[in-house]
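First up is the structure itself, then whatever we jot down about it.
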Amino acid sequence: MLKLAQSLSAKIKLSIKQTKALAVLFDKVTRELLYGGGAGGGKSFLGCIWITTVALKYPGTRWFIGRKNFTALKRSTLLTLWDVFRLFGLKAGVHYKYNGQDNVITIYNDTTIYLLDLDHYPGDPNYDRLGSSEYTGGFVDEANQITARCKDVLISRIRYMLEKYGLIPKLLMSCNPAKNWVYSDYYKPNRDHKLPKDKKFIQALVTDNPFISVAYLTSLRNLKDKTMRERLLKGNWEYDDDPSALFTIDIISDLFTNPIDPSADKYMTCDVARFGDDKTIMMIWHGFEVIKIYEYSKIPTDGVVKLLQELADKNQIPRSHVIVDEAGVGGGVVDQFKCRGFIGASAPYSDPDYKALPENERFKVNYQNLRSQCFYMFAEYAQKRMIRINITDAEQIQKITEDLEQIKAKDADKDGKLKIIAKEDIKLDLGRSPDYADALSMRMLLEVDKPLVPGIF
C-alpha cells in the first residue's frame, strides 16, 4: 500500500509526514495511529483523505469520523471532507448522499460514513450509545479532547467486514499536545522508544507542511499567549502554563530534589484501589519526605491490611500516623487496621490552631471539602519547597508528575469555596486514577488536623 500512498501524494500534494502516515494506515501491523502534535500539520486533511480512499476502495463497508464537539465537526472537519470529495471528483447527489438528520454519508458503492458525537455525557459514562454499532475503521479529529474510555470503546467497535477484505482494525487520531492520555499512551512511549508495535505516533508541525499559507504561519508565530505558541507552533508537549493548575512543572520537578530538614517522625499514607485497573499506593514518609513508594494491583482488603501491618512494623510507624483513604473498600481497611481514615468528601477542618483559640474565634476555612483543603495545603507546602519525594524509580516519578499536572482548581474565576476538579474528571483526562497524587495529598490530614500534643489523637 506504500505505492498507493505515494500515488496519492503525487496527485493531491501531500506532505512527507502525511505520505508516511498513509503508508502506516494501509499496513498490516498498526491498529492505532496518533498524528499531529501541533497546528497546521494537515491533520484533518489527512484523515479525510484516508476515509475517502478506503470508502471508495472497499464497497459496503462502514467508517466513522468523530469529534468531541459535534458543532466543530460539522463546521470544520466535515467541510474538509467535502473539499476532499471534490478533489476525488465526487459530486453530491451523484456519487454520494448526505443525510443531515441522521448524520450519515452514503457512497454510491453502498459504503457509509457516520459522523459521531464523542462528547462525554454524565448520563452515558460508558458510551453505550456507541455500543450497538460496528465499523470497519474510523478517524477521530482532535482526539486529545475526548476521553480514553471513548477511544477504547471505539476500538472495540471496529470489526465490520474486516475478514472479507483482509483488513485489521484501524483507528486514526489527530491531536494537539495535551497532558492527558494522548501524552501517556502515545507521545511519552514513543519518545522513550517503548511504544507497542501496533501503535504509532507521527508528529507533524506547521513547518512540516510545505503547502501551508505564509499568513497562517505568521499568525502562529505572532501568538501572544506563550503556552499556545509553544504547543501549536513548536509542538512542545512538555510545556504547560495553565493558570488553574495548582502545580507548575518547576514545582513538580523540584519535589524530587528539594533539600529539607530531616525528621524523626514517620508516617504512611495509603490510597486503596476501588476499581479493577486502579492501583493501591502506599507511601512511607519521614516528616515531609517520601522515602519509599509501594504499588500493588488487585489485592483484597485483608491483603491490604496485612501489607500495612508489615510496613508499619518494619518502619516503626504508629497507627495514629497511618492514613488510609476511607472511601469505598478503604473503609474496611480502616476498620480492621484501626488507623486514621481519610474521607475526601467530608467537611474541611477548621484552622489547624483552632484548639488553642477561644471557641467564639474558631472558624471554618473556605474549602469545598477535605480533599480540596489537603490538595491546596500540599500545593502550598510544595511551592515553599517544604516537601521532598526521595525516589529514583523513573516510572513512579513520571506517574507522580502526570498526576500532579492534572490537579487543577475548579471554578477558579468564581467567588466561593476553593474547589478541585473531581477525581472522576481527572480519570477521564488522564486515562487512569490519580492514585499517586491522592496518596501524597493525604499526608496533609495530619497538618489540617494537627493535635496539640504530638502523637495523641
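Lettering and numbering for the C-alpha cells are positional, with chains as A, B, ... in the shown order, residues counted from 1 in each chain, and ligands counted from 1 in the shown order.
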
With the cut-off set at 10 Å and counting only C-alpha atoms, tabulate each residue of stretch 64-89 of chain A with an atom at most that distance from an atom of stretch 130-151 of chain A, showing the nearest atom pair and its distance in Å to one decimal, ordered by chain and increasing number, as JSON lines.
{"residue": "A:Phe64", "atom": "CA", "partner": "A:Gly138", "partner_atom": "CA", "distance": 4.6}
{"residue": "A:Ile65", "atom": "CA", "partner": "A:Phe139", "partner_atom": "CA", "distance": 4.8}
{"residue": "A:Gly66", "atom": "CA", "partner": "A:Val140", "partner_atom": "CA", "distance": 4.7}
{"residue": "A:Arg67", "atom": "CA", "partner": "A:Asp141", "partner_atom": "CA", "distance": 5.3}
{"residue": "A:Lys68", "atom": "CA", "partner": "A:Ile146", "partner_atom": "CA", "distance": 5.7}
{"residue": "A:Asn69", "atom": "CA", "partner": "A:Gln145", "partner_atom": "CA", "distance": 8.5}
{"residue": "A:Ala72", "atom": "CA", "partner": "A:Asp141", "partner_atom": "CA", "distance": 9.8}
{"residue": "A:Leu73", "atom": "CA", "partner": "A:Asp141", "partner_atom": "CA", "distance": 8.0}
{"residue": "A:Ser76", "atom": "CA", "partner": "A:Asp141", "partner_atom": "CA", "distance": 9.9}
{"residue": "A:Thr77", "atom": "CA", "partner": "A:Asp141", "partner_atom": "CA", "distance": 7.4}

Show me a table, sorted first by chain and then by increasing residue number, of the residues of stretch 271-300 of chain A having an atom at most 12 Å from stretch 250-259 of chain A, each with its shortest atom pair and the distance in Å to one decimal, counting only C-alpha atoms and written as CSV.
residue,atom,partner,partner_atom,distance
A:Phe288,CA,A:Leu255,CA,10.7
A:Glu289,CA,A:Asn258,CA,9.4
A:Val290,CA,A:Phe256,CA,9.4
A:Ile291,CA,A:Phe256,CA,10.6

Output C-alpha atoms for every residue in that selection, as an mmCIF file, in the first residue's frame.
data_model
loop_
_atom_site.group_PDB
_atom_site.id
_atom_site.type_symbol
_atom_site.label_atom_id
_atom_site.label_comp_id
_atom_site.auth_asym_id
_atom_site.auth_seq_id
_atom_site.Cartn_x
_atom_site.Cartn_y
_atom_site.Cartn_z
ATOM 1 C CA PHE A 288 7.605 15.684 54.784
ATOM 2 C CA GLU A 289 9.927 13.415 52.816
ATOM 3 C CA VAL A 290 8.632 10.400 50.901
ATOM 4 C CA ILE A 291 11.321 7.725 51.138
#

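Reported to one decimal place, the separation of atom CA of A:Asn236 from atom CA of A:Gly38 is 8.0 Å.
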
**Close residues, stretch 97-103 of chain A itself excluded, 10 Å, only C-alpha atoms, min 6 positions apart in chain, as a list in words** =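 Non-adjacent residues within range: Lys74, Lys91, Thr112, Ile113, Tyr114, Leu115, Leu116 and Asp117 of chain A.
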
Export N, CA and C atoms of the chosen residues as a PDB file, in the first residue's frame?
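Here's the written file again-v3.pdb:
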ATOM      1  N   LYS A  74     -19.002  19.530  12.273  1.00  0.00           N
ATOM      2  CA  LYS A  74     -19.761  19.920  11.080  1.00  0.00           C
ATOM      3  C   LYS A  74     -19.210  21.182  10.434  1.00  0.00           C
ATOM      4  N   LYS A  91     -19.410  13.966  -6.613  1.00  0.00           N
ATOM      5  CA  LYS A  91     -20.434  15.003  -6.658  1.00  0.00           C
ATOM      6  C   LYS A  91     -21.634  14.602  -5.812  1.00  0.00           C
ATOM      7  N   THR A 112     -20.807   3.442   3.844  1.00  0.00           N
ATOM      8  CA  THR A 112     -21.375   4.524   4.647  1.00  0.00           C
ATOM      9  C   THR A 112     -20.301   5.129   5.555  1.00  0.00           C
ATOM     10  N   ILE A 113     -20.420   6.438   5.769  1.00  0.00           N
ATOM     11  CA  ILE A 113     -19.538   7.174   6.681  1.00  0.00           C
ATOM     12  C   ILE A 113     -20.418   7.845   7.724  1.00  0.00           C
ATOM     13  N   TYR A 114     -20.215   7.502   8.982  1.00  0.00           N
ATOM     14  CA  TYR A 114     -21.030   8.039  10.069  1.00  0.00           C
ATOM     15  C   TYR A 114     -20.285   9.182  10.761  1.00  0.00           C
ATOM     16  N   LEU A 115     -21.003  10.250  11.056  1.00  0.00           N
ATOM     17  CA  LEU A 115     -20.457  11.368  11.817  1.00  0.00           C
ATOM     18  C   LEU A 115     -20.861  11.181  13.277  1.00  0.00           C
ATOM     19  N   LEU A 116     -19.885  11.101  14.180  1.00  0.00           N
ATOM     20  CA  LEU A 116     -20.152  10.756  15.570  1.00  0.00           C
ATOM     21  C   LEU A 116     -19.878  11.902  16.533  1.00  0.00           C
ATOM     22  N   ASP A 117     -20.787  12.065  17.466  1.00  0.00           N
ATOM     23  CA  ASP A 117     -20.616  12.984  18.590  1.00  0.00           C
ATOM     24  C   ASP A 117     -19.939  12.206  19.706  1.00  0.00           C
TER      25      ASP A 117
END

**Request:** Step one, run DSSP on the backbone; step two, keep only residues of stretch 143-354 of chain A assigned to alpha helix (DSSP H); then write them as a VMD selection string.
**Result:** chain A and resid 148 to 156 162 to 165 181 to 182 188 to 191 214 to 221 226 to 228 249 to 255 301 to 315 330 to 337
